[in-house]
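A.B. asks: Structure provided below as structure tokens; questions to follow.
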Amino acid sequence: MLKYRVIFGLLFGALFIVLIGLDTHFSRNWPMGAYSTPRGSFVALGCLVVIPIALREMQRLLASENVTISMRITVVASLLCMIWPWIEQVSESVAEMHATIEHSASIDPTTRSTELHTLEATPWYRISQSGRTVKPHYLIPTVLAVSLVAAVVMHSRKHRVEGAMANAGGTLLAIVYLGVLPGFFLPICMTHSAWMMLAIVCIVKCADIGAYTAGHMMGRHKLIPWLSPGKTVEGFIGGLAFSGAIGAAAAVIFHFTWEQGLVAGILLGAVGQLGDLLESLLKRDAGVKDSGTVPGFGGVLDILDSPLLAAPVAYWLLKLIAKA
């Protein structure tokens, strides 16, 4: 079990780093570069592959409780919740850049004309013209409302009323868990960098590693025995200590204070472990040990559980720290 966890953990980590590297490389000259892409593009492509797999696992978990969700509705809605606000952010960035060049007094007319022409010739400018739709805070509620109605309509096609509320609730659970939550990572990539996202995931996963190690070495008191018998109070504290240390080191690299990193690391580590417990709750309710068949981990949901819940916390922490 541990051997497969190490092997596949290193493999997934290497693939993740390659994805981050590609994202960073192709975003350097965005939007002026011929083959440049906005920050978060390759992360979004990775999510387009991973999220449907995780949704299939969620569908199986819910099916064990006789809750039926439509993959068509949940996949489309989850990807929209994740990608649409980011596209809106990309469009706003291009529009702001165009306005800055157009009204800058420090650029001579010839250079201004050349830069505007170059920007307007890029596909990103055309996307910004058509991609700016409504205020971003209306996007996700719109998708959730439409998904709720669609789930009820799909259920009513069976000409029965039993399970209508459960199926609608299961649909929204899947979309929020695997669409809204991971969607917080893309604005982090756009505003900071994909390396910041990697640092956040590392902090959260280090909490898991610290909790596992401390729990096996010193674990005596069960944390929540009725939910996760293997987790201990000592392991939980060890996880917080490790994530706090990694957070402090990451903060220095990203030019924050180590104190800010320490607090952020402890908070993200705590939320990450809560995310792991939340997924354990879902699995125990479904009566299964693992959400899927990924060797050493169980399933894709078992890999994503802690970073998913930490994503919105990391987003607002960065908002708070950047303003401080």
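Every chain in the structure tokens takes a letter, A first, then B, and so on in the order presented; its residues are numbered from 1, and the ligands are numbered from 1 following the presented order.
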Kindly assemble as a tab-separated table a list of the range 229-257 of chain A residues that lie within 12 Å of range 185-202 of chain A, each paired with its nearest atom pair and their distance in Å to one decimal, using only C-alpha atoms, sorted first by chain and then by ascending residue number.

C.D. replies:
```
residue	atom	partner	partner_atom	distance
A:Phe242	CA	A:Cys202	CA	10.8
A:Ser243	CA	A:Cys202	CA	8.4
A:Gly244	CA	A:Cys202	CA	11.3
A:Ala245	CA	A:Cys202	CA	11.5
A:Ile246	CA	A:Cys202	CA	8.0
A:Gly247	CA	A:Ala199	CA	8.1
A:Ala248	CA	A:Ala199	CA	11.0
A:Ala249	CA	A:Ala199	CA	9.9
A:Ala250	CA	A:Ala199	CA	6.7
A:Ala251	CA	A:Ala199	CA	9.2
A:Val252	CA	A:Ala199	CA	11.7
A:Ile253	CA	A:Ala199	CA	9.9
A:Phe254	CA	A:Met196	CA	7.9
A:His255	CA	A:Met196	CA	11.5
A:Phe256	CA	A:Met196	CA	12.0
```

A.B. asks: Please write the residues from the selection above to a file, keeping N, CA and C atoms, as an mmCIF file, in the first residue's frame.

C.D. replies:
```cif
data_model
loop_
_atom_site.group_PDB
_atom_site.id
_atom_site.type_symbol
_atom_site.label_atom_id
_atom_site.label_comp_id
_atom_site.auth_asym_id
_atom_site.auth_seq_id
_atom_site.Cartn_x
_atom_site.Cartn_y
_atom_site.Cartn_z
ATOM 1 N N PHE A 242 3.915 20.396 10.403
ATOM 2 C CA PHE A 242 4.636 20.228 9.134
ATOM 3 C C PHE A 242 4.137 21.231 8.091
ATOM 4 N N SER A 243 2.819 21.377 7.985
ATOM 5 C CA SER A 243 2.277 22.320 6.998
ATOM 6 C C SER A 243 2.647 23.758 7.358
ATOM 7 N N GLY A 244 2.705 24.073 8.655
ATOM 8 C CA GLY A 244 3.127 25.406 9.073
ATOM 9 C C GLY A 244 4.563 25.687 8.678
ATOM 10 N N ALA A 245 5.447 24.697 8.850
ATOM 11 C CA ALA A 245 6.852 24.870 8.476
ATOM 12 C C ALA A 245 7.003 25.057 6.976
ATOM 13 N N ILE A 246 6.296 24.256 6.204
ATOM 14 C CA ILE A 246 6.357 24.386 4.742
ATOM 15 C C ILE A 246 5.769 25.724 4.309
ATOM 16 N N GLY A 247 4.690 26.151 4.968
ATOM 17 C CA GLY A 247 4.096 27.445 4.646
ATOM 18 C C GLY A 247 5.052 28.594 4.912
ATOM 19 N N ALA A 248 5.800 28.520 6.019
ATOM 20 C CA ALA A 248 6.766 29.563 6.341
ATOM 21 C C ALA A 248 7.874 29.629 5.291
ATOM 22 N N ALA A 249 8.351 28.447 4.851
ATOM 23 C CA ALA A 249 9.394 28.412 3.823
ATOM 24 C C ALA A 249 8.870 28.940 2.490
ATOM 25 N N ALA A 250 7.640 28.545 2.135
ATOM 26 C CA ALA A 250 7.052 29.011 0.868
ATOM 27 C C ALA A 250 6.837 30.512 0.880
ATOM 28 N N ALA A 251 6.461 31.069 2.026
ATOM 29 C CA ALA A 251 6.212 32.510 2.129
ATOM 30 C C ALA A 251 7.473 33.306 1.811
ATOM 31 N N VAL A 252 8.602 32.838 2.288
ATOM 32 C CA VAL A 252 9.873 33.516 2.012
ATOM 33 C C VAL A 252 10.181 33.489 0.519
ATOM 34 N N ILE A 253 9.923 32.351 -0.128
ATOM 35 C CA ILE A 253 10.172 32.219 -1.567
ATOM 36 C C ILE A 253 9.296 33.187 -2.358
ATOM 37 N N PHE A 254 8.052 33.360 -1.919
ATOM 38 C CA PHE A 254 7.109 34.227 -2.640
ATOM 39 C C PHE A 254 7.064 35.652 -2.076
ATOM 40 N N HIS A 255 8.082 36.000 -1.278
ATOM 41 C CA HIS A 255 8.259 37.372 -0.796
ATOM 42 C C HIS A 255 7.150 37.838 0.167
ATOM 43 N N PHE A 256 6.651 36.900 0.979
ATOM 44 C CA PHE A 256 5.823 37.241 2.116
ATOM 45 C C PHE A 256 6.666 37.042 3.375
#
```

A.B. asks: At a cut-off of 10 Å, using only C-alpha atoms, what residues contact Pro307 in chain A? Leave out same-chain residues fewer than 4 positions from it and give the result as a PyMOL selection string.

C.D. replies: chain A and resi 181-182+185+197+200-205+268-269+271-273+275-276+303+311-314

A.B. asks: Taking the backbone alone, and naming residues the way the document does, which bits of range 140-311 of chain A are strand (DSSP E or B) by DSSP, as a list in words?

C.D. replies: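 Listing strand (DSSP E or B) positions across range 140-311 of chain A yields Lys222, Leu223, Ile224, Ser228, Pro229, Gly230, Lys231, Thr232, Val294 and Gly298 of chain A.
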
A.B. asks: Record the distance separating CA of Ile127 in chain A and CA of Gly40 in chain A, expressed in Å with one decimal.

C.D. replies: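 Separation between CA of Ile127 in chain A and CA of Gly40 in chain A: 15.8 Å.
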
A.B. asks: Just want the 6 Å neighbourhood of Gly238 in chain A, counted on only C-alpha atoms, with same-chain residues fewer than 3 positions away dropped. Output as a list in words.

C.D. replies: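 Once the nearby chain positions are removed, what remains is Gly210, Ala211, Ala214, Gly235 and Ala241 of chain A.
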
A.B. asks: Calculate how many Å separate CA of Arg126 in chain A from CA of Val94 in chain A, rounding to one decimal.

C.D. replies: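 Pair CA of Arg126 in chain A / CA of Val94 in chain A returns 9.6 Å.
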
A.B. asks: I'd like the contact shell of Asp285 in chain A - 12 Å cut-off, only C-alpha atoms, skipping same-chain residues fewer than 5 positions apart - returned as a PyMOL selection string.

C.D. replies: chain A and resi 61-66+226-227+278-280+290-291

A.B. asks: Keeping N, CA and C atoms for every residue in the selection just given, could you write it to a file as a PDB file, in the first residue's frame?

C.D. replies:
```
ATOM      1  N   LEU A  61     -20.567   6.930  -5.865  1.00  0.00           N
ATOM      2  CA  LEU A  61     -20.820   7.063  -4.430  1.00  0.00           C
ATOM      3  C   LEU A  61     -22.291   7.381  -4.156  1.00  0.00           C
ATOM      4  N   LEU A  62     -22.839   8.314  -4.909  1.00  0.00           N
ATOM      5  CA  LEU A  62     -24.239   8.697  -4.728  1.00  0.00           C
ATOM      6  C   LEU A  62     -25.180   7.566  -5.137  1.00  0.00           C
ATOM      7  N   ALA A  63     -24.807   6.824  -6.180  1.00  0.00           N
ATOM      8  CA  ALA A  63     -25.658   5.714  -6.644  1.00  0.00           C
ATOM      9  C   ALA A  63     -25.801   4.640  -5.574  1.00  0.00           C
ATOM     10  N   SER A  64     -24.768   4.463  -4.742  1.00  0.00           N
ATOM     11  CA  SER A  64     -24.858   3.472  -3.667  1.00  0.00           C
ATOM     12  C   SER A  64     -25.906   3.855  -2.627  1.00  0.00           C
ATOM     13  N   GLU A  65     -26.292   5.146  -2.619  1.00  0.00           N
ATOM     14  CA  GLU A  65     -27.359   5.616  -1.733  1.00  0.00           C
ATOM     15  C   GLU A  65     -28.661   5.862  -2.508  1.00  0.00           C
ATOM     16  N   ASN A  66     -28.750   5.268  -3.694  1.00  0.00           N
ATOM     17  CA  ASN A  66     -29.921   5.399  -4.566  1.00  0.00           C
ATOM     18  C   ASN A  66     -30.181   6.852  -4.990  1.00  0.00           C
ATOM     19  N   TRP A 226     -15.424   7.360  15.197  1.00  0.00           N
ATOM     20  CA  TRP A 226     -16.609   6.894  14.472  1.00  0.00           C
ATOM     21  C   TRP A 226     -16.546   7.231  12.979  1.00  0.00           C
ATOM     22  N   LEU A 227     -15.672   8.161  12.610  1.00  0.00           N
ATOM     23  CA  LEU A 227     -15.570   8.576  11.210  1.00  0.00           C
ATOM     24  C   LEU A 227     -14.303   8.051  10.558  1.00  0.00           C
ATOM     25  N   LEU A 278     -14.075  15.103   5.418  1.00  0.00           N
ATOM     26  CA  LEU A 278     -15.333  15.273   4.688  1.00  0.00           C
ATOM     27  C   LEU A 278     -15.503  14.181   3.648  1.00  0.00           C
ATOM     28  N   GLU A 279     -14.423  13.871   2.932  1.00  0.00           N
ATOM     29  CA  GLU A 279     -14.521  12.816   1.923  1.00  0.00           C
ATOM     30  C   GLU A 279     -14.705  11.454   2.577  1.00  0.00           C
ATOM     31  N   SER A 280     -14.095  11.266   3.763  1.00  0.00           N
ATOM     32  CA  SER A 280     -14.313  10.018   4.505  1.00  0.00           C
ATOM     33  C   SER A 280     -15.776   9.876   4.899  1.00  0.00           C
ATOM     34  N   ASP A 290     -12.825   2.984  -0.693  1.00  0.00           N
ATOM     35  CA  ASP A 290     -12.141   3.877  -1.620  1.00  0.00           C
ATOM     36  C   ASP A 290     -13.122   4.398  -2.649  1.00  0.00           C
ATOM     37  N   SER A 291     -12.848   5.611  -3.156  1.00  0.00           N
ATOM     38  CA  SER A 291     -13.751   6.194  -4.145  1.00  0.00           C
ATOM     39  C   SER A 291     -13.487   5.679  -5.548  1.00  0.00           C
TER      40      SER A 291
END
```

A.B. asks: Tell me, as a list in words, which residues lie within 8 Å of Ile83 in chain A, counting only C-alpha atoms; anything in the same chain fewer than 4 positions away does not count.

C.D. replies: Ala44, Leu79, Ile87, Gly183 and Leu186 of chain A

A.B. asks: How many Å separate CA of Trp86 in chain A from CA of Phe42 in chain A?

C.D. replies: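 Separating CA of Trp86 in chain A from CA of Phe42 in chain A is a distance of 12.6 Å.
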
A.B. asks: Just checking: using only C-alpha atoms, which residue out of A:Trp124, A:Phe184, A:Tyr212, A:Phe236 ends up closest to Tyr35 in chain A?

C.D. replies: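 Nearest candidate to Tyr35 in chain A out of A:Trp124, A:Phe184, A:Tyr212, A:Phe236: A:Trp124.
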